[in-house]
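Below: the structure, in C-alpha cells.
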Amino acid sequence: FALDLVTSGRARDAFDLNRESSKMRDRYGQHSWGQSCLLARRLVEAGVRLVHVNWPREPGDNAVDNPLWDTHAQNADRLEDVLCPQFDVGFTALIEDLDQRGLLDETLVVAIGEFGRTPKINDKGGRDHWGSVFSFALAGAGISGGQVYGSSDKQGAYPASDRVEPGELTATIFHLLGLSHRSIFLDREGREHRVAQGEPLYKLLGTEPATRDRCPSTGDVARVPPFDDRKLLNTDFAAEIPLYPADGPSRPRGWRAAPLLAGDQPDGFGVKLDASTRTNSPVEGRNVIIGLSAAGSDATVRVEKGATAFLAQEVRSPFAGHYKLTARVRGEGSSSNLYDNVFCANFTFRLVFFQFTDVAKQPTHRKELASVTFRPRFAERASGDYETIELTRNFSNPNPGSNFSFGLGLGVALIVEKTTEGVVEISGNAGPQQALLRIAAVELEFIGKERDNDVTV
C-alpha cells in the first residue's frame, strides 16, 4: 500500500513544494527544517500514513561536540541562534496548519529526541547526554491539548511526578492508532514479543483542551529571534545598533568594543561608532573608527605600550572548516604626518580569529588562533580609498578523522595595539588632532570543509 501510494501521482505531487504559496512557505520557515514540516503536512494530506521528519544537518555540521541538538558545547548559543528559531516556527506552523485543514483530529504528531541533557553545564558551556529525564510533545489524534504532564525535580535531573516510561509512550501511540497495545508479534525465529511494555497514558486523552485557563508567557521573544544563518551580524554597521561594551553580557548578539569612546567625550584612544553622515560628512555610511582623538583645545591624549583597542564579535554556530575573514578599511588623520609618523609608527593593526576563554564570552578574555598584520593606507580623499584585508584559516584537527573543537566559541576581531616603547602623546592645543583606522565592513564567509583523501577507514 505504501509503495503504491508513494509512486502514485498524488504522492509525487506532494513533494512539489512550489505548489504552496510564498506566504505558507514563509510561515513554516525558509530553511530545511521548516520546509520538511511543510512537506510532512502535504504527505499527510496526500494519504501517507507514517511520516518521519528528521532534523537536518547544516552545511559543515559533522562535529562531535555540537552537532544538531547534541549540544556538548555552547548549548545556549546553539539553542538561541539555530535550534529554537527553526523548531519553534516550523513545529507550530505544522500543528496550526493541520488543525485548520481538519487533519489534526486524525493525525498524531510526536516531537521527541533520543534523550535529555545533563542539568549541569560543562566547561564548554554545553550539556551532555542524560537519560534520566527529558520531555516530548504530543498533539492531535485524541490528545487533550493545553496540559503539561509530569514534572522533574528543581535541578531538572530526575522525575518528581507522573514518571513516564518509554513503553507507555509506545502503548499510547498504538492505542491512538486503534491497535491493541497488548498485541503480540513474532520475529523471524518465531519468538513472541509484545508491541509495547506499558499502558497508554489515558490521562492525556480527551476531545477538549485539558484546561481553558491560560497563563502569560514569561519568556523573552528577543532571546529567540527569527532564524538567521549568517555567521556575523550587522557586517556593514548599517543597522542602528550600538556598539556594546566588551565587558558586558554576551547577549544581545552584535559588535563589542573596548575602550568605547562616548559621542560627547570623543577624546582618547578607543573605538567609536561613526554615524556622522547625518551631519553632512563626506564619509559614506555608518562606520566604526579605532584610533587617537584630541578634539578639545585642552585635550591631551597619552597612550602607553601595551594599550589596546578592539572591535570584536562572536561567530554564530561555528563548525570546523575553512573560513575567510575580510575587512574594508582605510586610514585617516588630521595630517598624513600624524597618521604615518605617530599612529602607524607606534601601533600595530591586526585582523584576528580568536577563541573565548571564559564562559561569560567576553572578548577581553581570548586566545588568538590566527591573525594577519596590516598597515592601512592613508586616504588622501574625503571618501573612498578603502582596501580589503583578508585572513583565511582552516580549522581542523591535525589528527585526520578527529573533531576540531572551538570550546566556548569562536570570535573575530580588529585590534589596534601600541607596541613601541615609551608614551605616545597628542594634544588639541593647536586644533583638533586625530589619527584613526576607519572600518566600513567586516565579513566572514564559511567556505566549508575540504575532503582529505589521505583519511582511510
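Going by the C-alpha cells order, chains are called A, B, ..., each with residues numbered from 1, while ligands are numbered from 1 in the order shown.
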### Query
Which neighbours of Ala222 in chain A fall inside 10 Å, counting only C-alpha atoms, when residues of the same chain fewer than 5 positions from it are skipped, and could you give them as an MDAnalysis selection string?
chainID A and resid 80 251:252
### Message
At a cut-off of 12 Å, using only C-alpha atoms, what residues contact Lys449 in chain A? Leave out same-chain residues fewer than 4 positions from it and give the result as a ChimeraX atom specification.
### Response
/A:59-63,319-323,393-397,404
### Query
Which is closer to Leu351 in chain A than all the others in A:Ala435, A:Ala262, A:Leu444, A:Ala196, using only C-alpha atoms?
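Once distances to Leu351 in chain A are computed over only C-alpha atoms, the minimum belongs to A:Leu444.
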### Task
Run DSSP on the backbone of this structure and report the residues of range 20-189 of chain A it assigns to alpha helix (DSSP H), as a VMD selection string.
chain A and resid 22 to 28 32 to 46 75 to 78 84 to 100 166 to 176
### Query
If you count only C-alpha atoms, which residues fall within 12 Å of Gly206 in chain A, apart from same-chain ones fewer than 3 positions away, as a PyMOL selection string?
chain A and resi 105+139-147+176+201-203+209-211
### Task
Using only C-alpha atoms, determine which residues lie at most 9 Å from Asp228 in chain A, disregarding the query and same-chain residues fewer than 2 positions distant; provide the list as a list in words.
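The contact residues come out as Asp81, Val82, Pro85, Pro225, Pro226, Arg230, Lys231 and Leu233 of chain A.
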### Task
Please run DSSP on the backbone and report, as a VMD selection string, all residues within range 158-189 of chain A that come out as strand (DSSP E or B).
chain A and resid 159 to 161 184 to 186
Same residues, N, CA and C atoms, output as an mmCIF file, in the first residue's frame:
data_model
loop_
_atom_site.group_PDB
_atom_site.id
_atom_site.type_symbol
_atom_site.label_atom_id
_atom_site.label_comp_id
_atom_site.auth_asym_id
_atom_site.auth_seq_id
_atom_site.Cartn_x
_atom_site.Cartn_y
_atom_site.Cartn_z
ATOM 1 N N PRO A 159 12.823 12.480 37.581
ATOM 2 C CA PRO A 159 11.373 12.680 37.659
ATOM 3 C C PRO A 159 10.915 12.960 39.083
ATOM 4 N N ALA A 160 9.951 13.862 39.204
ATOM 5 C CA ALA A 160 9.373 14.169 40.512
ATOM 6 C C ALA A 160 7.926 13.701 40.601
ATOM 7 N N SER A 161 7.201 13.727 39.480
ATOM 8 C CA SER A 161 5.809 13.273 39.481
ATOM 9 C C SER A 161 5.448 12.734 38.106
ATOM 10 N N ILE A 184 0.605 -9.098 20.121
ATOM 11 C CA ILE A 184 1.819 -9.912 20.055
ATOM 12 C C ILE A 184 2.234 -10.060 18.591
ATOM 13 N N PHE A 185 3.540 -9.990 18.358
ATOM 14 C CA PHE A 185 4.044 -10.292 17.011
ATOM 15 C C PHE A 185 5.203 -11.276 17.144
ATOM 16 N N LEU A 186 5.514 -11.954 16.047
ATOM 17 C CA LEU A 186 6.566 -12.962 16.016
ATOM 18 C C LEU A 186 7.758 -12.435 15.238
#
Range 362-390 of chain A near range 409-415 of chain A within 10 Å: what's each residue's closest atom pair and its distance in Å to one decimal, counting only C-alpha atoms, ordered by chain then ascending residue number, as CSV?
residue,atom,partner,partner_atom,distance
A:Gln362,CA,A:Gly411,CA,10.0
A:Pro363,CA,A:Gly411,CA,7.7
A:Arg366,CA,A:Gly411,CA,8.6
A:Lys367,CA,A:Leu410,CA,9.7
A:Glu368,CA,A:Gly411,CA,9.2
A:Leu369,CA,A:Leu410,CA,9.2
A:Ala370,CA,A:Val412,CA,9.7
A:Ser371,CA,A:Ala413,CA,9.3
A:Val372,CA,A:Leu414,CA,10.0
A:Thr373,CA,A:Ile415,CA,9.6
Write a file of the selected residues as an mmCIF file, in the first residue's frame, keeping all heavy atoms.
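See result.cif below for the written result:
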data_model
loop_
_atom_site.group_PDB
_atom_site.id
_atom_site.type_symbol
_atom_site.label_atom_id
_atom_site.label_comp_id
_atom_site.auth_asym_id
_atom_site.auth_seq_id
_atom_site.Cartn_x
_atom_site.Cartn_y
_atom_site.Cartn_z
ATOM 1 N N GLN A 362 33.397 37.121 27.045
ATOM 2 C CA GLN A 362 33.854 38.492 26.895
ATOM 3 C C GLN A 362 35.123 38.493 26.051
ATOM 4 O O GLN A 362 36.089 37.781 26.366
ATOM 5 C CB GLN A 362 34.118 39.119 28.257
ATOM 6 C CG GLN A 362 32.860 39.269 29.099
ATOM 7 C CD GLN A 362 33.127 39.853 30.464
ATOM 8 O OE1 GLN A 362 34.268 39.959 30.895
ATOM 9 N NE2 GLN A 362 32.063 40.238 31.154
ATOM 10 N N PRO A 363 35.150 39.248 24.957
ATOM 11 C CA PRO A 363 36.321 39.220 24.066
ATOM 12 C C PRO A 363 37.595 39.744 24.701
ATOM 13 O O PRO A 363 38.665 39.611 24.109
ATOM 14 C CB PRO A 363 35.879 40.094 22.882
ATOM 15 C CG PRO A 363 34.767 40.933 23.399
ATOM 16 C CD PRO A 363 34.078 40.121 24.456
ATOM 17 N N ARG A 366 40.520 36.106 25.683
ATOM 18 C CA ARG A 366 40.564 35.392 24.420
ATOM 19 C C ARG A 366 41.924 34.731 24.209
ATOM 20 O O ARG A 366 42.931 35.151 24.768
ATOM 21 C CB ARG A 366 40.284 36.350 23.250
ATOM 22 C CG ARG A 366 41.300 37.477 23.151
ATOM 23 C CD ARG A 366 40.967 38.487 22.052
ATOM 24 N NE ARG A 366 42.003 39.509 21.935
ATOM 25 C CZ ARG A 366 41.984 40.667 22.550
ATOM 26 N NH1 ARG A 366 40.955 40.979 23.335
ATOM 27 N NH2 ARG A 366 42.972 41.533 22.399
ATOM 28 N N LYS A 367 41.902 33.702 23.381
ATOM 29 C CA LYS A 367 43.109 33.018 22.931
ATOM 30 C C LYS A 367 43.155 33.134 21.417
ATOM 31 O O LYS A 367 42.263 32.656 20.719
ATOM 32 C CB LYS A 367 43.068 31.547 23.344
ATOM 33 C CG LYS A 367 44.205 30.710 22.766
ATOM 34 C CD LYS A 367 44.012 29.240 23.092
ATOM 35 C CE LYS A 367 45.086 28.383 22.438
ATOM 36 N NZ LYS A 367 44.859 26.931 22.700
ATOM 37 N N GLU A 368 44.177 33.784 20.899
ATOM 38 C CA GLU A 368 44.242 34.012 19.461
ATOM 39 C C GLU A 368 44.598 32.725 18.723
ATOM 40 O O GLU A 368 45.524 32.000 19.112
ATOM 41 C CB GLU A 368 45.237 35.122 19.142
ATOM 42 C CG GLU A 368 44.796 36.484 19.668
ATOM 43 C CD GLU A 368 45.616 37.636 19.123
ATOM 44 O OE1 GLU A 368 46.405 37.404 18.161
ATOM 45 O OE2 GLU A 368 45.470 38.768 19.630
ATOM 46 N N LEU A 369 43.842 32.452 17.649
ATOM 47 C CA LEU A 369 44.051 31.255 16.847
ATOM 48 C C LEU A 369 44.766 31.559 15.532
ATOM 49 O O LEU A 369 45.491 30.711 15.014
ATOM 50 C CB LEU A 369 42.708 30.588 16.544
ATOM 51 C CG LEU A 369 41.860 30.171 17.746
ATOM 52 C CD1 LEU A 369 40.532 29.585 17.269
ATOM 53 C CD2 LEU A 369 42.601 29.163 18.613
ATOM 54 N N ALA A 370 44.556 32.738 14.990
ATOM 55 C CA ALA A 370 45.201 33.139 13.737
ATOM 56 C C ALA A 370 45.063 34.640 13.588
ATOM 57 O O ALA A 370 44.077 35.240 14.056
ATOM 58 C CB ALA A 370 44.560 32.437 12.547
ATOM 59 N N SER A 371 46.033 35.283 12.940
ATOM 60 C CA SER A 371 45.959 36.724 12.732
ATOM 61 C C SER A 371 46.805 37.127 11.537
ATOM 62 O O SER A 371 47.703 36.391 11.104
ATOM 63 C CB SER A 371 46.432 37.484 13.981
ATOM 64 O OG SER A 371 47.821 37.312 14.170
ATOM 65 N N VAL A 372 46.495 38.292 11.000
ATOM 66 C CA VAL A 372 47.308 38.888 9.944
ATOM 67 C C VAL A 372 47.531 40.352 10.315
ATOM 68 O O VAL A 372 46.609 41.040 10.761
ATOM 69 C CB VAL A 372 46.630 38.758 8.564
ATOM 70 C CG1 VAL A 372 45.279 39.460 8.539
ATOM 71 C CG2 VAL A 372 47.526 39.305 7.466
ATOM 72 N N THR A 373 48.769 40.804 10.181
ATOM 73 C CA THR A 373 49.130 42.192 10.472
ATOM 74 C C THR A 373 49.076 43.001 9.183
ATOM 75 O O THR A 373 49.489 42.528 8.121
ATOM 76 C CB THR A 373 50.536 42.264 11.082
ATOM 77 O OG1 THR A 373 50.559 41.480 12.288
ATOM 78 C CG2 THR A 373 50.915 43.691 11.411
#
### Task
Please measure the separation of CA of Asn75 in chain A and CA of Asp162 in chain A, giving the value in Å to one decimal.
27.5 Å
### Message
Show me, as a list in words, the residues that have an atom within 10 Å of Val148 in chain A when counting only C-alpha atoms, minus same-chain residues fewer than 5 positions from it.
### Response
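Listing them by chain and then by number gives Ser135, Ala137, Leu204 and Ala210 of chain A.
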Within 7 Å of Thr392 in chain A using only C-alpha atoms, minus same-chain residues under 2 positions, as a short mmCIF file (atom, residue, chain, number, x, y, z; two decimals) with C-alpha atoms, in the first residue's frame:
data_model
loop_
_atom_site.label_atom_id
_atom_site.label_comp_id
_atom_site.auth_asym_id
_atom_site.auth_seq_id
_atom_site.Cartn_x
_atom_site.Cartn_y
_atom_site.Cartn_z
CA TYR A 323 36.84 30.50 6.88
CA LYS A 324 37.60 33.72 5.06
CA LEU A 325 37.53 36.90 7.14
CA GLU A 390 41.82 39.20 4.20
#
### Task
Would you please work out which residue, of A:Glu106, A:Glu96, A:Glu417, A:Glu387, is nearest to Val303 in chain A when using only C-alpha atoms?
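Closest to Val303 in chain A of all the choices is A:Glu417.
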### Residue with smallest distance to Val110 in chain A - pool A:Thr170, A:Ser151, A:Asn66, A:Ser180, counting only C-alpha atoms
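Nearest candidate to Val110 in chain A out of A:Thr170, A:Ser151, A:Asn66, A:Ser180: A:Thr170.
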Mind running range 109-139 of chain A against range 50-58 of chain A at 12 Å and telling me each contacting residue's nearest atom pair with the distance in Å (one decimal), counting only C-alpha atoms, chain and number ascending, as JSON lines?
{"residue": "A:Val109", "atom": "CA", "partner": "A:Val51", "partner_atom": "CA", "distance": 9.6}
{"residue": "A:Val110", "atom": "CA", "partner": "A:His52", "partner_atom": "CA", "distance": 9.6}
{"residue": "A:Ala111", "atom": "CA", "partner": "A:Val53", "partner_atom": "CA", "distance": 9.3}
{"residue": "A:Ile112", "atom": "CA", "partner": "A:Asn54", "partner_atom": "CA", "distance": 10.3}
{"residue": "A:Gly113", "atom": "CA", "partner": "A:Trp55", "partner_atom": "CA", "distance": 9.8}
{"residue": "A:Glu114", "atom": "CA", "partner": "A:Asn54", "partner_atom": "CA", "distance": 11.8}
### Query
In terms of the shortest atom-to-atom distance over only C-alpha atoms, which of A:Val301, A:Ala360, A:Ala345, A:Ile289 is closest to Leu437 in chain A?
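Using only C-alpha atoms, Leu437 in chain A sits closest to A:Ile289.
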### Message
Measuring between only C-alpha atoms, which one of A:Leu232, A:Cys84, A:Val288, A:Leu43 shows the shortest distance to Leu103 in chain A?
### Response
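Of A:Leu232, A:Cys84, A:Val288, A:Leu43, the one nearest Leu103 in chain A, counting only C-alpha atoms, is A:Leu43.
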### Query
Nearest to Gly296 in chain A among A:Thr107, A:Gln433, A:Thr348, A:Ser32, with distances taken over only C-alpha atoms: which residue is it?
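With only C-alpha atoms as the atom set, the closest residue is A:Gln433.
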#### Entry: Point-to-point distance in Å for CA of Phe378 in chain A and CA of Ser427 in chain A
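Distance reported for this atom pair: 20.6 Å.
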### Message
Quick check, in Å to one decimal: how far apart do CA of Phe227 in chain A and CA of Gln35 in chain A lie?
### Response
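Value for the CA of Phe227 in chain A-CA of Gln35 in chain A distance: 13.5 Å.
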### Task
For Glu45 in chain A, please output as a PyMOL selection string all residues within 12 Å (counting only C-alpha atoms; exclusion window: fewer than 6 positions along the same chain).
chain A and resi 10-11+13-15+38-39+51+97-99+101-104+106-107
